[in-house]
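Participant: One structure follows; several queries about it will come next.
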Amino acid sequence: MPMSEDELRATTIGELKPLDAPIELVDYDPEWPRLFEREAERVRSALGSRVLQLEHAGSTSVPGLIAKPRIDMILVVADSADEPAYVVPLEAAGYVLRIREPDWFEHRLLRGPDTDINLHVFSAGCPEIDRMLLFRDHLRTDEADRELYARRKRELAGQEWKYVQNYADAKTAVVEEILARAAADGIRAAR
């Protein structure tokens with residue numbers, strides 16, 4: 001369900017910035033995995049053993065897929081609601097907490113110090129982690145769904161959006177369609 005402007009304001013830390021340009025989609029850049037690794041090392045250096053899992057996710061993690069040039073990362077910690085355990089050291093390393101969603105898996109999002117990243121933070125065992133990784137892994141191996149997703153992203157990027165989140169919300173239907181196929185493929189493969 002799309003987030004209302006009031007919901008966006010309630011979860012955003014700092015100024016809620018309207019989109020002042022079209023959504024930028026670029027061809028896959030083989031540099032993205034290296035940028036992920038660099039940021040992953042920075043996160044690991046800041047948090048040490050508090051990093052339970054760290055993954056490259058989103059479109060920049062799928063070779064051949066167009067993407068907004070922003071690296072999405074999934075950071076799994078023991079308890080994402082326990083911000084002092086990880087936000088303070090990440091802020092010391094230059095990250096900025098931008099989103100706090102206690103009603104959606106205690107999700108937190110931090111932006112990177114010098115690389116355009118979204119660092120999504122979830123607690124261990126959160127089902128959204130598996131969902132995001134299933135989507136990534138399926139798109140890495142299924143060319144038809146990768147092309148379907150790319151087409152839908154191009155269509156949506158050509159529209160006007162007040163906030164980037166509105167664009168992200170508009171992709172929900174195609175994401176759910178692809179996830180249903182990915183889950184069915186996984187069930188068939190397990191048999």
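Chain identifiers are assigned as A, B, and so on, following the order in which chains appear in the structure tokens; residues are numbered from 1 within each chain, and ligands are numbered from 1 in order of appearance.
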Report as a PyMOL selection string all protein, DNA and RNA residues lying within 10 Å of segment 82-86 of chain A, evaluated on only C-alpha atoms, omitting residues in the same chain fewer than 6 positions from it.
Facilitator: chain A and resi 43+46-48+50-51+97+100+106+108+121+123
Participant: Might you pull out every residue within 9 Å of segment 67-70 of chain A, with only C-alpha atoms counted and same-chain residues fewer than 2 positions away left off, and present them as a VMD selection string?
Facilitator: chain A and resid 23 to 29 32 58 to 60 65 72 115 to 118 150 153
Participant: Residues near Tyr163 of chain A, anyone? I mean within 9 Å using only C-alpha atoms, not counting same-chain ones fewer than 4 positions away, as a PyMOL selection string.
Facilitator: chain A and resi 5+16-20+167
Participant: Record the distance separating atom CA of Glu91 of chain A and atom CA of Glu15 of chain A, expressed in Å with one decimal.
Facilitator: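 Taking atom CA of Glu91 of chain A and atom CA of Glu15 of chain A, their separation equals 17.5 Å.
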Participant: Do you have the atom CA of Met73 of chain A-atom CA of Ala168 of chain A distance handy?
Facilitator: 15.9 Å
